[in-house]
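input00.cif follows; it contains mmCIF, C-alpha atoms.
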data_structure
loop_
_atom_site.label_atom_id
_atom_site.label_comp_id
_atom_site.auth_asym_id
_atom_site.auth_seq_id
_atom_site.Cartn_x
_atom_site.Cartn_y
_atom_site.Cartn_z
CA MET O 1 18.34 -24.00 28.28
CA ASN O 2 14.95 -25.72 28.15
CA GLN O 3 13.23 -22.37 28.74
CA LEU O 4 15.15 -20.81 25.85
CA ALA O 5 14.25 -23.69 23.53
CA LEU O 6 10.61 -23.40 24.57
CA SER O 7 10.59 -19.65 23.85
CA VAL O 8 12.19 -20.19 20.45
CA SER O 9 9.68 -22.90 19.54
CA ARG O 10 6.80 -20.66 20.57
CA GLY O 11 8.17 -17.83 18.45
CA ILE O 12 8.56 -20.10 15.43
CA ALA O 13 5.04 -21.44 15.90
CA ARG O 14 3.63 -17.93 16.14
CA ILE O 15 5.31 -16.87 12.90
CA THR O 16 4.42 -19.99 10.93
CA GLU O 17 0.95 -20.92 12.16
CA ALA O 18 -0.92 -17.68 11.47
CA ALA O 19 -0.78 -14.48 9.44
CA LEU O 20 -0.29 -11.84 12.12
CA GLY O 21 -2.09 -8.52 12.15
CA PRO O 22 -5.02 -9.38 9.83
CA PHE O 23 -6.86 -6.17 10.73
CA GLN O 24 -3.75 -4.03 10.39
CA THR O 25 -2.96 -5.40 6.94
CA ALA O 26 -6.61 -4.95 5.97
CA VAL O 27 -6.61 -1.30 6.98
CA ILE O 28 -3.38 -0.53 5.12
CA ARG O 29 -4.77 -2.37 2.07
CA VAL O 30 -7.86 -0.18 2.16
CA GLY O 31 -5.84 2.94 2.96
CA PHE O 32 -3.27 2.69 0.17
CA SER O 33 -5.70 1.49 -2.49
CA ALA O 34 -8.16 4.28 -1.60
CA THR O 35 -5.36 6.87 -1.70
CA TRP O 36 -4.25 5.77 -5.16
CA LEU O 37 -7.83 5.50 -6.39
CA LEU O 38 -8.67 9.03 -5.24
CA PHE O 39 -5.48 10.35 -6.83
CA LEU O 40 -6.28 8.72 -10.18
CA LEU O 41 -9.84 10.04 -10.15
CA ARG O 42 -8.71 13.50 -9.06
CA GLU O 43 -6.11 13.71 -11.84
CA TYR O 44 -8.27 12.11 -14.52
CA PRO O 45 -8.83 15.42 -16.36
CA HIS O 46 -5.05 16.00 -16.29
CA ARG O 47 -3.93 12.44 -17.08
CA GLN O 48 -2.64 13.35 -20.54
CA GLU O 49 -0.29 16.04 -19.24
CA LEU O 50 0.92 13.83 -16.39
CA TYR O 51 1.35 10.42 -18.00
CA GLY O 52 0.06 10.57 -21.59
CA PRO O 53 2.20 9.55 -24.59
CA ASP O 54 2.10 13.10 -25.98
CA GLY O 55 2.47 14.94 -22.68
CA PRO O 56 5.41 17.18 -21.74
CA TRP O 57 7.35 14.08 -20.64
CA ASN O 58 6.67 12.31 -23.90
CA TRP O 59 6.99 8.68 -24.90
CA ASP O 60 10.54 8.98 -26.23
CA LEU O 61 11.78 10.68 -23.05
CA GLY O 62 10.09 7.96 -21.00
CA ARG O 63 11.81 5.22 -23.01
CA GLN O 64 15.15 6.94 -22.62
CA LEU O 65 14.74 7.34 -18.86
CA THR O 66 13.62 3.76 -18.18
CA GLY O 67 16.44 2.52 -20.38
CA ASP O 68 18.89 4.32 -18.10
CA ASN O 69 17.42 3.57 -14.68
CA GLY O 70 15.89 0.14 -15.39
CA ALA O 71 12.47 1.11 -13.99
CA PHE O 72 9.37 -0.89 -14.86
CA THR O 73 6.34 0.69 -16.55
CA ALA O 74 3.66 -1.02 -18.60
CA LEU O 75 2.76 2.29 -20.28
CA LEU O 76 5.80 1.91 -22.52
CA TRP O 77 4.88 -1.55 -23.77
CA PHE O 78 2.91 -0.02 -26.63
CA ARG O 79 2.74 3.46 -28.05
CA GLY O 80 -0.61 5.09 -28.59
CA GLN O 81 -3.62 6.64 -26.92
CA PHE O 82 -5.68 3.45 -26.73
CA TRP O 83 -3.10 1.58 -24.67
CA PHE O 84 -2.64 4.53 -22.33
CA GLU O 85 -6.37 4.87 -21.69
CA THR O 86 -6.69 1.11 -21.16
CA ALA O 87 -3.81 1.01 -18.68
CA TYR O 88 -5.17 4.00 -16.77
CA ALA O 89 -8.64 2.44 -16.56
CA LEU O 90 -7.17 -0.88 -15.38
CA ALA O 91 -5.21 0.95 -12.67
CA VAL O 92 -8.44 2.54 -11.45
CA LEU O 93 -10.29 -0.79 -11.53
CA ALA O 94 -7.49 -2.67 -9.72
CA SER O 95 -7.42 -0.03 -6.97
CA LEU O 96 -11.18 -0.26 -6.48
CA LEU O 97 -11.23 -4.07 -6.38
CA LEU O 98 -8.28 -4.21 -3.99
CA MET O 99 -9.99 -1.74 -1.69
CA LEU O 100 -13.10 -3.96 -1.70
CA GLY O 101 -10.97 -7.05 -1.19
CA TRP O 102 -11.99 -9.03 -4.27
CA ARG O 103 -9.32 -11.59 -5.26
CA THR O 104 -6.82 -9.66 -3.18
CA ARG O 105 -3.79 -11.75 -4.17
CA THR O 106 -4.30 -10.99 -7.85
CA MET O 107 -5.52 -7.44 -7.32
CA SER O 108 -2.51 -6.60 -5.15
CA VAL O 109 -0.26 -7.52 -8.09
CA LEU O 110 -2.33 -5.48 -10.55
CA PHE O 111 -2.39 -2.60 -8.06
CA MET O 112 1.41 -2.73 -7.87
CA LEU O 113 1.64 -2.73 -11.67
CA GLY O 114 -0.62 0.33 -11.87
CA VAL O 115 1.40 2.25 -9.29
CA LEU O 116 4.77 1.38 -10.82
CA SER O 117 3.61 1.96 -14.39
CA LEU O 118 2.28 5.46 -13.80
CA GLN O 119 4.87 6.67 -11.31
CA ASN O 120 7.86 5.38 -13.30
CA ARG O 121 6.38 6.84 -16.47
CA SER O 122 6.74 10.40 -15.12
CA VAL O 123 9.12 10.49 -12.18
CA LEU O 124 8.79 14.26 -11.76
CA VAL O 125 5.16 13.97 -10.66
CA GLY O 126 4.60 13.51 -6.93
CA ASP O 127 4.61 15.15 -3.52
CA GLY O 128 6.44 12.64 -1.32
CA GLY O 129 3.45 10.40 -0.73
CA ASP O 130 4.16 8.72 -4.07
CA ASN O 131 7.43 7.30 -2.68
CA VAL O 132 5.57 5.71 0.25
CA LEU O 133 2.89 4.33 -2.07
CA HIS O 134 5.57 3.03 -4.44
CA LEU O 135 7.23 0.96 -1.72
CA MET O 136 4.05 -0.20 0.00
CA SER O 137 2.53 -1.45 -3.26
CA LEU O 138 5.45 -3.87 -3.52
CA TYR O 139 5.15 -5.03 0.09
CA LEU O 140 1.38 -5.59 -0.15
CA VAL O 141 1.93 -8.32 -2.76
CA PHE O 142 3.54 -10.51 -0.10
CA THR O 143 0.81 -10.02 2.51
CA ARG O 144 -2.41 -11.94 3.06
CA CYS O 145 -4.29 -8.67 3.23
CA GLY O 146 -7.70 -10.13 2.42
CA ARG O 147 -8.16 -12.02 5.70
CA ALA O 148 -10.41 -9.30 7.15
CA TRP O 149 -12.77 -6.60 5.85
CA SER O 150 -12.87 -7.98 2.33
CA LEU O 151 -15.11 -9.77 -0.12
CA ASP O 152 -12.61 -12.65 -0.02
CA ALA O 153 -13.12 -13.05 3.74
CA ARG O 154 -16.88 -12.90 3.26
CA ARG O 155 -16.75 -15.58 0.57
CA ALA O 156 -14.46 -17.78 2.68
CA GLY O 157 -16.89 -17.48 5.62
CA ARG O 158 -19.79 -18.57 3.45
CA ILE O 159 -17.81 -21.56 2.16
CA ARG O 160 -16.91 -22.65 5.71
CA ALA O 161 -20.53 -22.30 6.79
CA ALA O 162 -21.75 -24.35 3.82
CA ARG O 163 -19.24 -27.11 4.51
CA ALA O 164 -20.22 -27.14 8.17
CA ARG O 165 -23.82 -27.74 7.09
CA GLY O 166 -22.67 -30.60 4.87
CA GLU O 167 -23.52 -28.79 1.64
CA ARG O 168 -21.54 -29.25 -1.56
CA VAL O 169 -19.45 -26.21 -2.43
CA PRO O 170 -19.16 -25.54 -6.19
CA PRO O 171 -15.60 -25.15 -7.51
CA ASP O 172 -14.14 -21.71 -7.95
CA ARG O 173 -14.38 -20.64 -11.58
CA ALA O 174 -13.60 -16.92 -11.47
CA GLY O 175 -10.15 -17.45 -9.97
CA PRO O 176 -8.80 -19.91 -12.58
CA LEU O 177 -10.34 -17.83 -15.38
CA LEU O 178 -8.63 -14.70 -14.11
CA TRP O 179 -5.39 -16.63 -13.69
CA GLY O 180 -5.59 -17.95 -17.25
CA VAL O 181 -6.29 -14.56 -18.84
CA LEU O 182 -3.51 -12.81 -16.94
CA GLY O 183 -1.14 -15.70 -17.61
CA ALA O 184 -1.76 -15.42 -21.34
CA VAL O 185 -0.99 -11.69 -21.18
CA LEU O 186 2.17 -12.35 -19.18
CA VAL O 187 3.38 -15.00 -21.62
CA GLY O 188 2.63 -12.76 -24.60
CA VAL O 189 4.37 -9.71 -23.16
CA THR O 190 7.42 -11.73 -22.16
CA ALA O 191 7.65 -13.50 -25.53
CA ALA O 192 7.37 -10.17 -27.35
CA GLY O 193 10.26 -8.75 -25.34
CA ARG O 194 8.17 -5.92 -23.87
CA MET O 195 9.05 -6.70 -20.24
CA GLN O 196 11.62 -3.95 -19.82
CA GLY O 197 13.26 -2.95 -16.57
CA GLU O 198 15.23 -4.79 -13.92
CA TRP O 199 14.65 -8.40 -12.93
CA LEU O 200 12.59 -7.80 -9.77
CA VAL O 201 9.15 -7.10 -11.25
CA PRO O 202 9.24 -9.85 -13.96
CA VAL O 203 10.41 -12.43 -11.42
CA LEU O 204 7.71 -11.31 -8.98
CA LEU O 205 5.00 -11.55 -11.64
CA TRP O 206 6.04 -15.02 -12.74
CA GLY O 207 6.48 -16.15 -9.14
CA VAL O 208 2.99 -15.09 -8.08
CA TRP O 209 1.45 -16.62 -11.21
CA VAL O 210 3.15 -19.98 -10.63
CA ALA O 211 2.32 -19.88 -6.91
CA GLN O 212 -1.36 -19.36 -7.66
CA ALA O 213 -1.36 -22.34 -9.99
CA LEU O 214 0.38 -24.48 -7.39
CA ARG O 215 -2.14 -23.43 -4.76
CA TRP O 216 -5.14 -24.43 -6.88
CA VAL O 217 -3.56 -27.76 -7.88
CA VAL O 218 -2.83 -28.65 -4.27
CA GLU O 219 -6.31 -27.68 -3.08
CA ARG O 220 -8.01 -29.80 -5.73
CA ARG O 221 -5.63 -32.75 -6.19
CA ALA O 222 -3.77 -33.27 -2.93
CA ARG O 223 -4.93 -36.41 -1.13
CA SER O 224 -3.50 -35.40 2.24
CA ALA O 225 -3.40 -32.18 4.23
CA GLU O 226 0.41 -31.88 4.37
CA PRO O 227 0.86 -29.98 1.07
CA ARG O 228 -1.82 -27.45 2.06
CA VAL O 229 -0.25 -26.98 5.48
CA LEU O 230 3.18 -26.45 3.91
CA LEU O 231 1.85 -23.80 1.53
CA ASP O 232 0.06 -22.08 4.41
CA VAL O 233 3.28 -22.00 6.43
CA ILE O 234 5.19 -20.45 3.54
CA ALA O 235 2.45 -17.88 2.95
CA ASN O 236 2.34 -17.01 6.66
CA ILE O 237 6.10 -16.53 6.84
CA MET O 238 6.06 -14.25 3.79
CA HIS O 239 3.11 -12.30 5.19
CA ASN O 240 4.70 -11.79 8.59
CA ALA O 241 8.04 -10.82 7.06
CA ALA O 242 6.33 -8.27 4.79
CA LEU O 243 4.37 -6.88 7.75
CA LEU O 244 7.62 -6.44 9.67
CA VAL O 245 9.17 -4.66 6.68
CA ILE O 246 6.17 -2.31 6.44
CA MET O 247 6.47 -1.44 10.13
CA THR O 248 10.22 -0.95 9.84
CA GLU O 249 9.78 1.24 6.77
CA ALA O 250 7.33 3.50 8.60
CA CYS O 251 9.73 3.84 11.53
CA LEU O 252 12.64 4.65 9.20
CA ILE O 253 10.61 7.34 7.45
CA TYR O 254 9.90 9.13 10.72
CA ALA O 255 13.34 8.56 12.23
CA THR O 256 15.25 9.87 9.21
CA ALA O 257 12.85 12.80 8.77
CA GLY O 258 13.24 13.74 12.42
CA TRP O 259 17.03 13.47 12.51
CA TYR O 260 17.41 15.50 9.31
CA LYS O 261 15.16 18.17 10.79
CA ILE O 262 17.35 18.39 13.89
CA GLN O 263 20.28 19.37 11.66
CA GLY O 264 18.39 22.27 10.06
CA SER O 265 18.85 25.74 11.51
CA ARG O 266 15.19 26.69 10.97
CA TRP O 267 14.06 23.67 12.94
CA GLN O 268 16.56 24.46 15.66
CA ASP O 269 15.34 28.04 16.15
CA GLY O 270 11.65 26.98 15.97
CA THR O 271 10.65 28.88 12.80
CA ALA O 272 10.60 26.10 10.18
CA VAL O 273 6.80 25.71 10.13
CA TYR O 274 6.33 29.39 9.29
CA TYR O 275 7.81 29.23 5.77
CA PRO O 276 5.66 26.53 4.09
CA LEU O 277 2.57 28.30 5.40
CA HIS O 278 3.47 31.30 3.21
CA LEU O 279 4.50 29.56 0.01
CA ASP O 280 1.99 30.14 -2.78
CA TYR O 281 2.26 26.55 -3.99
CA PHE O 282 1.38 25.21 -0.52
CA SER O 283 -1.25 27.79 0.43
CA PRO O 284 -4.71 26.74 -0.76
CA TRP O 285 -6.15 28.70 2.19
CA PRO O 286 -3.91 31.77 2.69
CA ALA O 287 -6.12 33.19 5.44
CA LEU O 288 -5.83 29.94 7.39
CA GLY O 289 -2.05 29.98 7.02
CA ASP O 290 -1.90 33.56 8.26
CA LEU O 291 -4.04 32.66 11.25
CA LEU O 292 -1.86 29.70 12.22
CA SER O 293 1.35 31.70 11.84
CA SER O 294 0.11 34.72 13.79
CA SER O 295 1.38 33.28 17.10
CA GLY O 296 5.12 32.85 17.41
CA THR O 297 4.72 30.66 20.46
CA MET O 298 2.37 28.31 18.62
CA LEU O 299 4.77 28.05 15.67
CA MET O 300 7.65 27.20 18.00
CA LEU O 301 5.61 24.53 19.79
CA VAL O 302 4.47 22.94 16.54
CA THR O 303 8.02 23.00 15.12
CA TYR O 304 9.65 21.42 18.15
CA GLY O 305 6.71 19.06 18.67
CA THR O 306 7.01 17.74 15.13
CA VAL O 307 10.69 16.93 15.58
CA ILE O 308 10.18 15.33 18.98
CA VAL O 309 7.32 13.12 17.81
CA GLN O 310 9.15 11.93 14.68
CA VAL O 311 12.41 11.14 16.49
CA ALA O 312 10.72 9.53 19.50
CA PHE O 313 8.10 7.42 17.73
CA PRO O 314 10.29 4.36 16.86
CA PHE O 315 11.39 4.14 20.51
CA THR O 316 7.81 4.26 21.82
CA LEU O 317 6.86 0.96 20.18
CA PHE O 318 7.96 -0.75 23.41
CA ASN O 319 5.34 1.18 25.39
CA ARG O 320 1.83 0.69 24.02
CA ARG O 321 0.21 3.67 25.72
CA VAL O 322 2.85 6.19 24.71
CA LYS O 323 2.89 4.76 21.20
CA ASN O 324 -0.85 5.23 20.83
CA VAL O 325 -0.63 8.85 22.01
CA LEU O 326 2.11 9.69 19.49
CA LEU O 327 0.22 7.79 16.80
CA VAL O 328 -2.82 10.02 17.30
CA ALA O 329 -0.55 13.08 17.24
CA MET O 330 1.07 12.05 13.94
CA MET O 331 -2.23 11.24 12.26
CA THR O 332 -3.64 14.58 13.41
CA GLU O 333 -0.57 16.34 12.08
CA HIS O 334 -1.00 14.71 8.66
CA ALA O 335 -4.68 15.64 8.60
CA VAL O 336 -3.72 19.28 9.28
CA ILE O 337 -1.07 19.12 6.52
CA ALA O 338 -3.69 17.80 4.11
CA VAL O 339 -5.92 20.83 4.71
CA VAL O 340 -3.50 23.66 5.42
CA LEU O 341 -0.76 22.81 2.89
CA GLY O 342 -3.01 21.22 0.27
CA LEU O 343 -1.26 17.82 0.29
CA PRO O 344 -4.16 15.37 0.73
CA PHE O 345 -2.64 12.36 -1.00
CA PHE O 346 0.67 12.64 0.82
CA SER O 347 -1.22 12.82 4.10
CA LEU O 348 -3.49 9.90 3.23
CA ALA O 349 -0.49 7.76 2.32
CA MET O 350 1.25 8.55 5.59
CA ILE O 351 -1.91 7.95 7.64
CA ALA O 352 -2.31 4.59 5.88
CA ALA O 353 1.30 3.72 6.78
CA ASP O 354 0.70 4.78 10.39
CA SER O 355 -2.37 2.53 10.55
CA VAL O 356 -0.20 -0.58 10.74
CA PHE O 357 0.49 0.36 14.38
CA LEU O 358 -3.17 0.74 15.40
CA PRO O 359 -4.23 -1.56 18.27
CA THR O 360 -6.12 -4.69 17.30
CA SER O 361 -8.79 -4.02 19.91
CA PHE O 362 -9.51 -0.61 18.39
CA LEU O 363 -9.71 -2.06 14.88
CA ARG O 364 -12.06 -4.81 16.07
CA ARG O 365 -14.39 -2.25 17.63
CA LEU O 366 -14.18 -0.18 14.47
CA GLY O 367 -15.16 -3.17 12.34
CA GLU O 368 -18.00 -4.11 14.67
CA GLY O 369 -19.30 -0.54 14.60
CA ALA O 370 -19.18 -0.51 10.80
CA ALA O 371 -21.03 -3.84 10.71
CA ARG O 372 -23.77 -2.52 13.01
CA ALA O 373 -24.12 0.64 10.91
CA ARG O 374 -24.42 -1.47 7.75
CA ALA O 375 -27.07 -3.65 9.42
CA ARG O 376 -29.12 -0.58 10.32
CA LEU O 377 -28.95 0.65 6.76
#
Could the structure of this file be written out as structure tokens, please?
Amino acid sequence: MNQLALSVSRGIARITEAALGPFQTAVIRVGFSATWLLFLLREYPHRQELYGPDGPWNWDLGRQLTGDNGAFTALLWFRGQFWFETAYALAVLASLLLMLGWRTRTMSVLFMLGVLSLQNRSVLVGDGGDNVLHLMSLYLVFTRCGRAWSLDARRAGRIRAARARGERVPPDRAGPLLWGVLGAVLVGVTAAGRMQGEWLVPVLLWGVWVAQALRWVVERRARSAEPRVLLDVIANIMHNAALLVIMTEACLIYATAGWYKIQGSRWQDGTAVYYPLHLDYFSPWPALGDLLSSSGTMLMLVTYGTVIVQVAFPFTLFNRRVKNVLLVAMMTEHAVIAVVLGLPFFSLAMIAADSVFLPTSFLRRLGEGAARARARL
């Protein structure tokens, strides 16, 4: 009984005392924000047709759809070209700043707003990777994804070093200013009745805004360390829970995809991979598709291998070595899909989701190598 109680107390301490997987959350932050940023830049010449107020899916159709399904999109707050261009530019800026790790708590919220606003504006646009990005943008809000490989981590290190030297650290001014500006916008939009959609996004926006204010008040006014410790514990629990949800979501994606494939006759007879290689829409390199499909044995191996890897991956999490082998196989498969089938953003989104399972030792070496390369430059 004492051993069980000790194990439970250790587990609780591990969950509450630290934000687990700082490098994993950093790499998925960079991965998803970079994927969305590249997509927005790639589709910039086509933004009017995809999301514009006068595109094929026009403003009135968007209002009708969101009124029926309760989806959130800031693009329908105001009608007109100026608001659309502003929202698109802010989505690009938020993605860039989140990738760099500047004010990650605030930028993760703005990143989520950009993803939801554009994707819910035109639900017919996407290739599968948009669904992954849609979900992960919500989960990232609850993570402390700026603890590593970010400008926030760099600034926090400089502050700790200055305090260790006994220097006076000037108060943060950019954070409260950003909080005040965004709070004024939130109050104005809510008071004007523009906050359409279901309750989740408005509650999340108000919750994060109030939590940021509480954090700054406690850091500046609290006379003891207990309030700071309590807020850290709550933030760690939310981070660790969100990290678990992200990992579970990735496993569910592969498990369901694999089990559905097993039920398909083309996957059962080993010919399923042949057909997408010869679809005009998914053939940016027809000669490459012909080359890959020229061997029936190779097609059969790739078809069966895909199913086996997807079904087996969730069960390999209990064996680190096997998990790492399948992880490399899945990332390689997505890289091939990006080139052969012309689905780069779907593949980048899936690789970013897979990155949550990368070993910490590998990510540490990767970060140290990047730091050495930057020092040489």
Give me the residues of range 14-111 of chain O that have any atom at most 10 Å from an atom of range 172-187 of chain O; for each, the nearest atom pair and the distance in Å, rounded to one decimal. Use only C-alpha atoms, sort by chain and number, and format it as JSON lines.
{"residue": "O:Arg103", "atom": "CA", "partner": "O:Gly175", "partner_atom": "CA", "distance": 7.6}
{"residue": "O:Thr106", "atom": "CA", "partner": "O:Trp179", "partner_atom": "CA", "distance": 8.2}
{"residue": "O:Leu110", "atom": "CA", "partner": "O:Leu182", "partner_atom": "CA", "distance": 9.8}
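With CA of Ala335 in chain O on one side and CA of Met247 in chain O on the other, the separation reads 20.5 Å.
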Minimum-distance residue to Leu244 in chain O, chosen among O:Phe315, O:Trp216, O:Tyr139, O:Trp267 (using only C-alpha atoms)
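With only C-alpha atoms as the atom set, the closest residue is O:Tyr139.
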Excluding same-chain residues fewer than 5 positions from range 30-34 of chain O, what lies within 8 Å of it counting only C-alpha atoms, as a PyMOL selection string? chain O and resi 95-96+98-100+111+133+136-137+348-349+351-352
Min atom-atom distance to Pro45 in chain O from the set O:His239, O:Trp285, O:Leu343, O:Tyr88, counting all atoms listed in the file, belongs to O:Tyr88
What separates CA of Gly70 in chain O and CA of Gln196 in chain O is a distance of 7.4 Å
- Ground truth for the PyMOL selection byres ((chain O and resi 237) around 10), written as a PyMOL selection string: chain O and resi 12+14-20+142-143+231-236+238-243
Non-local contacts of Val307 in chain O (9 Å; all atoms listed in the file; under 5 positions in same chain excluded) as a PyMOL selection string = chain O and resi 257-259+261-262+267+302+312
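Between CA of Val273 in chain O and CA of Val309 in chain O there is a distance of 14.8 Å.
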Margin query: Which residues would end up in the selection if the PyMOL selection byres ((chain O and resi 78-85) around 10) were applied here, given that I need the answer as an MDAnalysis selection string?
Written below: chainID O and resid 47:48 51:54 59:60 74:77 86:91 118 194
Residue members of the PyMOL selection byres ((chain O and resi 22) around 9) in the file shown, as number ranges by chain
O: 19-21, 23-27, 144-148, 360
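Considering only C-alpha atoms, the residue among O:Val115, O:Val311, O:Ala287, O:Leu230 positioned nearest to Leu40 in chain O is O:Val115.
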Repaired coordinates for range 74-93 of chain O (N, CA and C atoms) as an mmCIF file, keeping the file's coordinate frame:
data_model
loop_
_atom_site.group_PDB
_atom_site.id
_atom_site.type_symbol
_atom_site.label_atom_id
_atom_site.label_comp_id
_atom_site.auth_asym_id
_atom_site.auth_seq_id
_atom_site.Cartn_x
_atom_site.Cartn_y
_atom_site.Cartn_z
ATOM 1 N N ALA O 74 4.422 -0.381 -17.528
ATOM 2 C CA ALA O 74 3.660 -1.020 -18.600
ATOM 3 C C ALA O 74 3.192 -0.008 -19.641
ATOM 4 N N LEU O 75 3.216 1.282 -19.323
ATOM 5 C CA LEU O 75 2.760 2.290 -20.280
ATOM 6 C C LEU O 75 3.654 2.375 -21.502
ATOM 7 N N LEU O 76 4.881 1.861 -21.388
ATOM 8 C CA LEU O 76 5.800 1.910 -22.520
ATOM 9 C C LEU O 76 5.858 0.596 -23.287
ATOM 10 N N TRP O 77 4.928 -0.324 -22.992
ATOM 11 C CA TRP O 77 4.880 -1.550 -23.770
ATOM 12 C C TRP O 77 4.425 -1.265 -25.197
ATOM 13 N N PHE O 78 3.441 -0.374 -25.313
ATOM 14 C CA PHE O 78 2.910 -0.020 -26.630
ATOM 15 C C PHE O 78 2.756 1.499 -26.694
ATOM 16 N N ARG O 79 2.873 2.027 -27.871
ATOM 17 C CA ARG O 79 2.740 3.460 -28.050
ATOM 18 C C ARG O 79 1.359 3.751 -28.640
ATOM 19 N N GLY O 80 0.692 4.734 -28.072
ATOM 20 C CA GLY O 80 -0.610 5.090 -28.590
ATOM 21 C C GLY O 80 -1.591 5.439 -27.489
ATOM 22 N N GLN O 81 -2.639 6.152 -27.874
ATOM 23 C CA GLN O 81 -3.620 6.640 -26.920
ATOM 24 C C GLN O 81 -4.482 5.512 -26.359
ATOM 25 N N PHE O 82 -4.805 4.528 -27.182
ATOM 26 C CA PHE O 82 -5.680 3.450 -26.730
ATOM 27 C C PHE O 82 -5.044 2.667 -25.591
ATOM 28 N N TRP O 83 -3.766 2.335 -25.717
ATOM 29 C CA TRP O 83 -3.100 1.580 -24.670
ATOM 30 C C TRP O 83 -2.995 2.406 -23.383
ATOM 31 N N PHE O 84 -2.729 3.683 -23.524
ATOM 32 C CA PHE O 84 -2.640 4.530 -22.330
ATOM 33 C C PHE O 84 -3.970 4.583 -21.593
ATOM 34 N N GLU O 85 -5.062 4.796 -22.333
ATOM 35 C CA GLU O 85 -6.370 4.870 -21.690
ATOM 36 C C GLU O 85 -6.745 3.523 -21.052
ATOM 37 N N THR O 86 -6.402 2.425 -21.722
ATOM 38 C CA THR O 86 -6.690 1.110 -21.160
ATOM 39 C C THR O 86 -5.917 0.872 -19.867
ATOM 40 N N ALA O 87 -4.627 1.202 -19.871
ATOM 41 C CA ALA O 87 -3.810 1.010 -18.680
ATOM 42 C C ALA O 87 -4.284 1.878 -17.531
ATOM 43 N N TYR O 88 -4.681 3.102 -17.818
ATOM 44 C CA TYR O 88 -5.170 4.000 -16.770
ATOM 45 C C TYR O 88 -6.471 3.460 -16.177
ATOM 46 N N ALA O 89 -7.368 2.993 -17.045
ATOM 47 C CA ALA O 89 -8.640 2.440 -16.560
ATOM 48 C C ALA O 89 -8.414 1.177 -15.735
ATOM 49 N N LEU O 90 -7.465 0.330 -16.142
ATOM 50 C CA LEU O 90 -7.170 -0.880 -15.380
ATOM 51 C C LEU O 90 -6.570 -0.540 -14.014
ATOM 52 N N ALA O 91 -5.767 0.518 -13.958
ATOM 53 C CA ALA O 91 -5.210 0.950 -12.670
ATOM 54 C C ALA O 91 -6.316 1.405 -11.730
ATOM 55 N N VAL O 92 -7.299 2.120 -12.258
ATOM 56 C CA VAL O 92 -8.440 2.540 -11.450
ATOM 57 C C VAL O 92 -9.232 1.331 -10.969
ATOM 58 N N LEU O 93 -9.502 0.393 -11.872
ATOM 59 C CA LEU O 93 -10.290 -0.790 -11.530
ATOM 60 C C LEU O 93 -9.564 -1.657 -10.496
#
